[in-house]
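Data file: start_31.cif. Format and content: mmCIF, C-alpha atoms.
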```cif
data_coords
#
loop_
_atom_site.label_atom_id
_atom_site.label_comp_id
_atom_site.auth_asym_id
_atom_site.auth_seq_id
_atom_site.Cartn_x
_atom_site.Cartn_y
_atom_site.Cartn_z
CA MET K 1 14.33 91.41 85.19
CA ALA K 2 17.98 91.81 86.17
CA SER K 3 18.46 94.60 83.66
CA ALA K 4 15.33 96.36 84.96
CA LEU K 5 16.81 96.26 88.47
CA MET K 6 20.12 97.58 87.15
CA VAL K 7 18.39 100.47 85.36
CA TRP K 8 16.54 101.31 88.59
CA LYS K 9 19.74 101.24 90.66
CA ALA K 10 21.61 103.33 88.06
CA MET K 11 18.79 105.91 88.10
CA THR K 12 18.91 105.95 91.89
CA LEU K 13 22.59 106.89 91.76
CA ALA K 14 22.15 109.37 88.91
CA VAL K 15 19.45 111.45 90.61
CA ARG K 16 20.67 110.67 94.17
CA SER K 17 17.21 109.84 95.43
CA GLU K 18 16.29 106.48 96.94
CA SER K 19 13.23 106.18 94.70
CA PRO K 20 13.75 108.10 91.44
CA ILE K 21 10.22 107.44 90.17
CA VAL K 22 6.96 107.62 92.12
CA VAL K 23 3.31 107.20 91.16
CA VAL K 24 0.75 109.75 92.36
CA LEU K 25 -1.89 107.99 94.48
CA SER K 26 -4.16 110.85 95.59
CA GLU K 27 -5.95 113.90 94.24
CA SER K 28 -4.33 116.31 96.69
CA MET K 29 -2.12 117.91 94.02
CA GLU K 30 -4.85 118.36 91.38
CA PRO K 31 -4.81 119.90 88.82
CA ALA K 32 -1.00 119.70 88.60
CA PHE K 33 -0.81 115.95 89.22
CA ALA K 34 -3.63 113.42 88.94
CA ARG K 35 -3.89 109.87 90.23
CA GLY K 36 -1.71 107.62 88.07
CA ASP K 37 0.80 110.24 86.98
CA LEU K 38 4.41 109.13 86.94
CA LEU K 39 6.80 111.59 88.62
CA PHE K 40 10.57 111.79 88.11
CA LEU K 41 12.57 112.92 91.13
CA TYR K 42 16.01 114.31 91.79
CA GLU K 43 17.74 115.25 95.01
CA PRO K 44 20.50 117.87 94.74
CA ASP K 45 22.55 119.18 97.68
CA THR K 46 20.95 122.63 97.46
CA PRO K 47 18.48 123.61 100.20
CA VAL K 48 14.79 123.05 99.54
CA ALA K 49 13.00 126.22 98.40
CA VAL K 50 9.35 127.20 98.66
CA GLY K 51 7.39 126.15 95.59
CA ASP K 52 9.38 122.93 95.21
CA ILE K 53 7.19 119.85 95.06
CA CYS K 54 8.74 117.37 97.47
CA VAL K 55 8.26 113.69 98.10
CA PHE K 56 8.68 113.19 101.83
CA LYS K 57 8.20 110.51 104.44
CA ILE K 58 6.65 110.90 107.86
CA LYS K 59 8.33 108.77 110.52
CA ASP K 60 6.54 105.44 111.08
CA LYS K 61 4.20 106.05 108.16
CA GLU K 62 4.58 103.85 105.13
CA VAL K 63 3.31 105.83 102.15
CA PRO K 64 5.38 108.85 101.08
CA ILE K 65 3.54 112.12 100.33
CA VAL K 66 3.99 114.39 97.28
CA HIS K 67 3.15 117.99 98.25
CA ARG K 68 4.36 121.54 97.62
CA VAL K 69 6.59 123.35 100.14
CA THR K 70 4.93 126.53 101.41
CA GLU K 71 7.35 127.50 104.20
CA ALA K 72 11.10 126.89 104.33
CA ARG K 73 13.38 128.04 107.14
CA THR K 74 17.09 127.31 107.32
CA GLU K 75 18.84 127.32 110.70
CA THR K 76 22.06 129.32 110.61
CA LYS K 77 23.99 127.21 113.12
CA THR K 78 23.24 123.73 111.79
CA GLY K 79 21.94 124.26 108.26
CA GLN K 80 18.90 122.21 109.26
CA GLN K 81 15.77 123.06 107.30
CA PHE K 82 12.28 123.31 108.73
CA LEU K 83 9.66 122.85 106.03
CA LEU K 84 5.89 123.13 105.90
CA THR K 85 4.02 121.52 103.02
CA LYS K 86 0.54 121.74 101.54
CA GLY K 87 -1.27 119.93 98.75
CA ASP K 88 -2.37 122.34 95.99
CA ASN K 89 -5.87 120.88 96.16
CA ASN K 90 -6.06 120.83 99.98
CA PRO K 91 -7.60 123.78 101.86
CA VAL K 92 -5.12 123.60 104.76
CA ASP K 93 -1.45 122.80 105.32
CA ASP K 94 -0.16 119.32 106.12
CA ARG K 95 0.28 119.63 109.89
CA GLY K 96 -2.73 117.36 110.30
CA LEU K 97 -0.92 114.68 108.26
CA TYR K 98 2.32 114.85 110.25
CA ASN K 99 2.80 112.94 113.48
CA PRO K 100 0.93 114.38 116.50
CA GLY K 101 2.73 117.49 117.74
CA GLN K 102 5.03 117.61 114.71
CA MET K 103 5.07 121.16 113.35
CA TRP K 104 7.70 120.81 110.60
CA ILE K 105 9.27 118.25 108.37
CA LYS K 106 13.04 118.36 108.12
CA ARG K 107 15.54 118.18 105.30
CA GLU K 108 16.24 114.47 105.88
CA ASP K 109 12.54 113.58 105.58
CA VAL K 110 12.61 114.70 101.94
CA VAL K 111 13.16 111.78 99.57
CA GLY K 112 13.29 113.85 96.39
CA ARG K 113 12.01 116.84 94.47
CA VAL K 114 9.78 116.49 91.43
CA ARG K 115 11.54 117.44 88.20
CA GLY K 116 9.24 116.01 85.53
CA MET K 117 6.12 113.97 84.93
CA ILE K 118 4.38 111.67 82.47
CA PRO K 119 0.61 111.28 82.92
CA TYR K 120 -1.44 108.05 83.10
CA ILE K 121 1.42 105.49 82.98
CA GLY K 122 1.36 104.85 86.72
CA MET K 123 -2.27 103.71 86.37
CA ILE K 124 -0.89 100.18 85.68
CA THR K 125 0.62 99.86 89.16
CA ILE K 126 -2.46 101.42 90.77
CA LEU K 127 -4.73 98.89 89.02
CA LEU K 128 -2.45 95.99 89.98
CA ASN K 129 -2.49 97.22 93.58
CA ASP K 130 -6.23 97.83 93.79
CA TYR K 131 -7.22 94.59 92.05
CA PRO K 132 -4.68 91.91 93.04
CA GLN K 133 -6.62 89.35 90.90
CA LEU K 134 -5.21 91.19 87.86
CA LYS K 135 -1.73 89.95 88.75
CA VAL K 136 -2.99 86.34 88.63
CA VAL K 137 -4.77 86.97 85.30
CA LEU K 138 -1.62 88.58 83.89
CA LEU K 139 0.68 85.77 85.03
CA MET K 140 -1.74 83.10 83.78
CA SER K 141 -2.09 84.69 80.35
CA VAL K 142 1.70 84.92 80.03
CA GLY K 143 1.97 81.23 81.06
CA ILE K 144 -0.66 80.14 78.55
CA MET K 145 1.05 82.11 75.80
CA VAL K 146 4.37 80.45 76.59
CA LEU K 147 2.73 77.00 76.56
CA LEU K 148 0.80 77.58 73.32
CA SER K 149 3.52 79.29 71.34
CA LYS K 150 5.51 76.93 69.14
CA ASP K 151 9.15 77.42 68.42
CA GLU K 152 9.22 77.94 64.73
CA GLN K 153 12.88 78.33 64.08
CA MET H 1 6.31 81.60 60.18
CA TYR H 2 4.81 84.90 61.22
CA ASN H 3 1.65 84.13 63.11
CA PHE H 4 -0.84 86.67 64.40
CA GLN H 5 0.75 86.85 67.82
CA GLN H 6 4.18 87.76 66.51
CA ARG H 7 2.74 90.41 64.21
CA ALA H 8 0.67 91.91 67.04
CA ASN H 9 3.75 91.92 69.26
CA ALA H 10 5.83 93.70 66.62
CA VAL H 11 3.12 96.32 66.03
CA PHE H 12 2.74 96.94 69.78
CA ALA H 13 6.51 97.21 70.32
CA PHE H 14 6.76 99.72 67.47
CA PHE H 15 3.80 101.69 68.88
CA VAL H 16 5.46 101.90 72.31
CA SER H 17 8.75 103.08 70.79
CA VAL H 18 7.05 105.77 68.71
CA ALA H 19 4.92 106.88 71.67
CA PHE H 20 7.98 107.29 73.89
CA ALA H 21 9.86 109.17 71.18
CA MET H 22 6.88 111.55 70.92
CA VAL H 23 6.78 111.95 74.72
CA LEU H 24 10.50 112.79 74.79
CA LEU H 25 10.19 115.33 71.96
CA THR H 26 7.15 116.95 73.61
CA ALA H 27 8.94 117.08 76.97
CA ALA H 28 12.00 118.70 75.40
CA SER H 29 9.88 121.26 73.54
CA GLY H 30 8.68 122.95 76.75
CA PRO H 31 12.00 124.34 78.07
CA LEU H 32 13.16 125.11 74.50
CA LEU H 33 10.03 127.11 73.64
CA LEU H 34 10.37 129.13 76.86
CA HIS H 35 14.10 129.66 76.36
CA PHE H 36 13.70 131.07 72.85
CA SER H 37 10.40 132.91 73.44
CA GLN H 38 10.54 136.51 72.25
CA ASP H 39 7.23 137.28 73.98
CA ILE H 40 8.75 136.54 77.38
CA LYS H 41 11.68 138.90 76.70
CA ARG H 42 9.27 141.64 75.56
CA THR H 43 6.87 141.33 78.49
CA PRO H 44 7.78 143.40 81.57
CA PRO H 45 8.49 141.33 84.69
CA PRO H 46 5.68 141.03 87.24
CA ALA H 47 5.37 143.97 89.62
CA ILE H 48 4.43 143.20 93.21
CA ASP H 49 4.53 145.46 96.25
CA ALA H 50 3.18 145.40 99.78
CA ALA H 51 0.07 147.58 100.12
CA GLY H 52 -0.21 147.06 103.86
CA VAL H 53 1.35 145.04 106.65
CA ASN H 54 -0.21 144.41 110.03
CA VAL H 55 1.34 142.56 112.96
CA ARG H 56 -0.80 141.01 115.69
CA VAL H 57 -0.21 138.51 118.41
CA GLY H 58 -1.84 135.13 118.03
CA ARG H 59 -1.11 131.44 117.91
CA VAL H 60 -0.17 129.33 114.93
CA GLY H 61 -0.79 125.61 114.61
CA PHE H 62 -2.30 125.37 118.10
CA GLN H 63 -4.66 122.68 116.81
CA TYR H 64 -1.63 120.41 116.47
CA ASP H 65 0.66 121.56 119.26
CA TYR H 66 -1.00 122.93 122.40
CA ASN H 67 2.39 123.99 123.77
CA ASN H 68 3.11 126.33 120.87
CA PRO H 69 3.17 129.76 122.51
CA SER H 70 1.71 133.03 121.28
CA THR H 71 3.63 134.51 118.40
CA GLN H 72 3.61 137.65 116.26
CA LEU H 73 1.63 137.05 113.09
CA GLY H 74 1.93 139.18 109.98
CA TRP H 75 -1.07 139.98 107.76
CA VAL H 76 -0.03 141.26 104.35
CA TRP H 77 -1.98 143.07 101.62
CA PHE H 78 -0.31 143.44 98.24
CA ASN H 79 -0.69 144.91 94.76
CA LEU H 80 0.15 142.71 91.79
CA ASP H 81 0.46 143.42 88.10
CA ALA H 82 1.72 140.37 86.21
CA ASP H 83 1.36 139.34 82.60
CA LEU H 84 2.12 135.62 82.52
CA ARG H 85 0.46 134.93 79.16
CA PRO H 86 3.72 134.27 77.27
CA TRP H 87 4.47 131.37 79.62
CA PHE H 88 1.65 129.38 78.06
CA HIS H 89 2.62 127.20 75.12
CA TRP H 90 1.21 123.95 73.76
CA ASN H 91 2.78 121.89 76.56
CA THR H 92 1.75 124.14 79.50
CA LYS H 93 -0.95 122.57 81.64
CA GLN H 94 -0.99 125.27 84.27
CA LEU H 95 0.97 127.91 86.13
CA HIS H 96 1.15 127.67 89.88
CA VAL H 97 1.60 131.33 90.89
CA TYR H 98 2.54 132.28 94.44
CA ALA H 99 3.75 135.29 96.41
CA VAL H 100 6.71 134.75 98.73
CA VAL H 101 7.84 136.75 101.76
CA ALA H 102 11.51 136.20 102.62
CA PHE H 103 13.44 137.55 105.62
CA GLU H 104 16.50 136.85 107.74
CA THR H 105 16.77 136.44 111.49
CA PRO H 106 19.88 135.72 113.60
CA GLN H 107 18.76 132.12 114.21
CA HIS H 108 17.54 131.41 110.69
CA HIS H 109 19.43 133.01 107.81
CA SER H 110 16.69 132.09 105.34
CA ASN H 111 12.95 132.21 105.96
CA GLU H 112 10.63 131.86 102.97
CA ILE H 113 6.87 131.85 103.39
CA VAL H 114 4.21 131.55 100.71
CA ILE H 115 1.49 134.08 101.60
CA TRP H 116 -0.78 133.65 98.59
CA ASP H 117 -1.12 131.15 95.77
CA HIS H 118 -3.18 130.89 92.64
CA ILE H 119 -3.57 128.29 89.90
CA VAL H 120 -3.86 129.53 86.30
CA THR H 121 -5.10 126.84 83.94
CA SER H 122 -5.64 128.85 80.76
CA VAL H 123 -3.94 131.68 78.92
CA ASP H 124 -7.08 133.85 79.27
CA GLN H 125 -6.60 133.95 83.04
CA ALA H 126 -2.86 134.61 82.94
CA ARG H 127 -3.13 138.41 83.12
CA LEU H 128 -3.15 139.02 86.87
CA GLN H 129 -4.04 142.44 88.23
CA LEU H 130 -4.80 142.63 91.93
CA SER H 131 -5.16 145.66 94.15
CA LYS H 132 -4.85 145.44 97.94
CA GLN H 133 -5.26 141.68 97.76
CA LYS H 134 -5.31 140.12 101.23
CA ALA H 135 -2.81 137.30 101.69
CA GLU H 136 -4.25 133.83 102.30
CA TYR H 137 -1.55 132.69 104.70
CA LEU H 138 0.03 134.41 107.70
CA VAL H 139 3.67 135.27 108.16
CA SER H 140 5.36 134.14 111.37
CA ASP H 141 8.83 133.46 112.68
CA ILE H 142 10.06 130.50 114.69
CA ALA H 143 11.47 132.90 117.30
CA HIS H 144 7.97 134.46 117.58
CA LYS H 145 9.09 138.04 116.77
CA LEU H 146 8.32 139.82 113.48
CA SER H 147 8.22 143.52 114.41
CA GLY H 148 11.22 145.44 113.15
CA LEU H 149 12.16 142.83 110.56
CA ASN H 150 12.79 143.89 107.00
CA GLY H 151 12.29 141.39 104.23
CA THR H 152 11.37 141.05 100.59
CA LEU H 153 8.21 140.22 98.69
CA ARG H 154 8.36 138.54 95.29
CA LEU H 155 6.22 136.61 92.85
CA GLU H 156 7.20 133.12 91.74
CA TRP H 157 5.54 130.77 89.34
CA ASN H 158 5.92 127.12 88.52
CA VAL H 159 5.27 126.08 84.91
CA VAL H 160 3.57 122.66 85.05
CA PRO H 161 3.61 120.79 81.72
CA TRP H 162 1.20 118.24 80.28
CA VAL H 163 4.23 115.99 79.96
CA GLY H 164 7.86 116.81 80.70
CA PHE H 165 9.83 119.10 82.98
CA LEU H 166 8.58 121.44 85.71
CA GLN H 167 10.17 124.87 85.65
CA MET H 168 10.49 127.39 88.47
CA GLU H 169 10.54 131.10 87.65
CA ARG H 170 10.71 134.19 89.84
CA GLY H 171 10.08 137.90 89.47
CA PRO H 172 11.96 140.84 91.00
CA ALA H 173 11.67 141.43 94.76
CA THR H 174 10.42 144.51 96.59
CA GLU H 175 10.92 145.57 100.19
CA ILE H 176 8.53 144.71 102.99
CA ALA H 177 8.79 145.86 106.62
CA PHE H 178 6.95 144.51 109.64
CA PRO H 179 5.73 147.27 111.99
CA GLN H 180 5.11 147.23 115.74
CA PRO H 181 2.17 145.03 116.71
CA SER H 182 -1.21 146.71 116.68
CA PRO H 183 -3.42 146.23 119.75
CA PRO H 184 -6.00 143.47 119.51
CA SER H 185 -9.29 144.76 118.13
CA HIS H 186 -11.35 143.00 120.79
CA SER H 187 -9.55 142.11 123.96
CA HIS H 188 -10.70 139.28 126.15
CA THR H 189 -8.06 139.92 128.76
CA ALA H 190 -8.25 142.64 131.36
CA ALA H 191 -6.11 145.58 130.35
#
```
Re-express the file's structure as C-alpha cells.
Amino acid sequence: MASALMVWKAMTLAVRSESPIVVVLSESMEPAFARGDLLFLYEPDTPVAVGDICVFKIKDKEVPIVHRVTEARTETKTGQQFLLTKGDNNPVDDRGLYNPGQMWIKREDVVGRVRGMIPYIGMITILLNDYPQLKVVLLMSVGIMVLLSKDEQ
Amino acid sequence: MYNFQQRANAVFAFFVSVAFAMVLLTAASGPLLLHFSQDIKRTPPPAIDAAGVNVRVGRVGFQYDYNNPSTQLGWVWFNLDADLRPWFHWNTKQLHVYAVVAFETPQHHSNEIVIWDHIVTSVDQARLQLSKQKAEYLVSDIAHKLSGLNGTLRLEWNVVPWVGFLQMERGPATEIAFPQPSPPSHSHTAA
C-alpha cells in the first residue's frame, strides 16, 4: 500500500498534475473515450490550445470533467486564458455545466491534459463505486483466503 | 507444496505482466508508425480556405448570462480538401478533425476558435472534400468587435488510439478577413 502511494506521488510530480490518472465516468466524449477508460494526464507550462482534451474542475463542484477545448483566448496583459469546452458527444458547449453566469473556465481550473489512454481498466473502480457491496465481498474473500491458506514453508 | 491457489496466482500474475507488455508495445507502435510513414510524407497537406465570411450583430451565450451584450458574430463558409487516410493504422480508433480560426486583438494576443468539427472512425471516410461548407460554430471576440480583423484558418486533427498516446496534428494556415457587418435580414427595431 505504501509503495502504491509512493508511485502515485512520484507520478504526480513527474507529470505535474494533481491527479495523473483519471477514469472516464460519462459518455460525453464518445467515441473517443468510453465509460471506464483510464486516462493519463500531464500538465506542462505551455498555454492550453484548442483541440486539447482537458480535465477541469468547476468551483464548488466535486467531480472533474474531461472535455475538449473549443475556444481558447489568452489575455495579453496577464497571460490569463479564457477557455470554452465541449464534449465530443454533446450537441452544445459546456456553458450549461459551468456555474450560473460563468462564461469561461480559466487556466487554473485545468487539472491536466489527456496524453494517453487505456480502455476498460477503470471499470473496476466504477463497479466498486456503483456497487459498494462488492468492496465487502472483495475484503471478505481476501480474509477467508488468508485464514484458509497454510504456510507451507 | 504447490496447491491450486498458488498455481492460479502464478498464472494470473504472468497473464497480467504479458498483457501490460502488449499494451506498452501497442501504445508505442502508434507514434512510431506515424513517424516513419511514407504515405504521410507523400500525401499533400490538407487544403482549407474561406469561401465566405459574414459578420452580423447578435448575442452569444445569453441563455447563461443575461448581461452579455450584443456582439459581432462571424459566420464562415469554407472549402476543404484533405486526405487523412494515411493517418489510420492498426492502433487508430478515430480522427477528431476540426477547423480553427485564429486571430489577434490588442487585448488578447491569441484567440483560437473551433468553427467546425468532424469525427472520422474509419479509413473509408478519411478522404474529406467539402465545398462551401457552413461552419457549425460562430466566431466572436471578447471585445465584441470582429470587423476589420485579419486572421488565419487551418485544419487540425487529433489521432485517437485504441490504446496509447493521443497525437495532435495541424495543416497549413490560410488567410481569413472579417468584413463590415451586414445589415440584419429582418429587423425588429425601427430603423
Exercise. Please provide the set of residues having any atom within 10 Å of H:Gly58, restricted to only C-alpha atoms, with same-chain residues fewer than 2 positions apart removed, written as a ChimeraX atom specification.
Key: /H:55-56,60,62,69-74,140,144,184
Quiz item: So, counting all atoms listed in the file, which residue among K:Leu38, K:Leu138, K:Val50, K:Ala72 is closest to K:Arg115?
Solution: K:Leu38
Practice problem: Restrict the distance test to only C-alpha atoms, flag each residue of chain K within 7 Å of chain H, and return the flagged residues as a PyMOL selection string. | Solution: chain K and resi 32+50+70-76+95-96+100-101+115-119+152
Quiz item: What do you get, as a VMD selection string, if you spell out every residue that the PyMOL selection byres ((chain K and resi 55-61) around 12) selects here?
Solution: chain K and resid 17 to 24 29 39 to 43 48 52 to 54 62 to 69 83 to 87 94 to 100 102 to 115
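Put simply, atom CA of H:Leu34 is 17.0 Å away from atom CA of H:Ala82.
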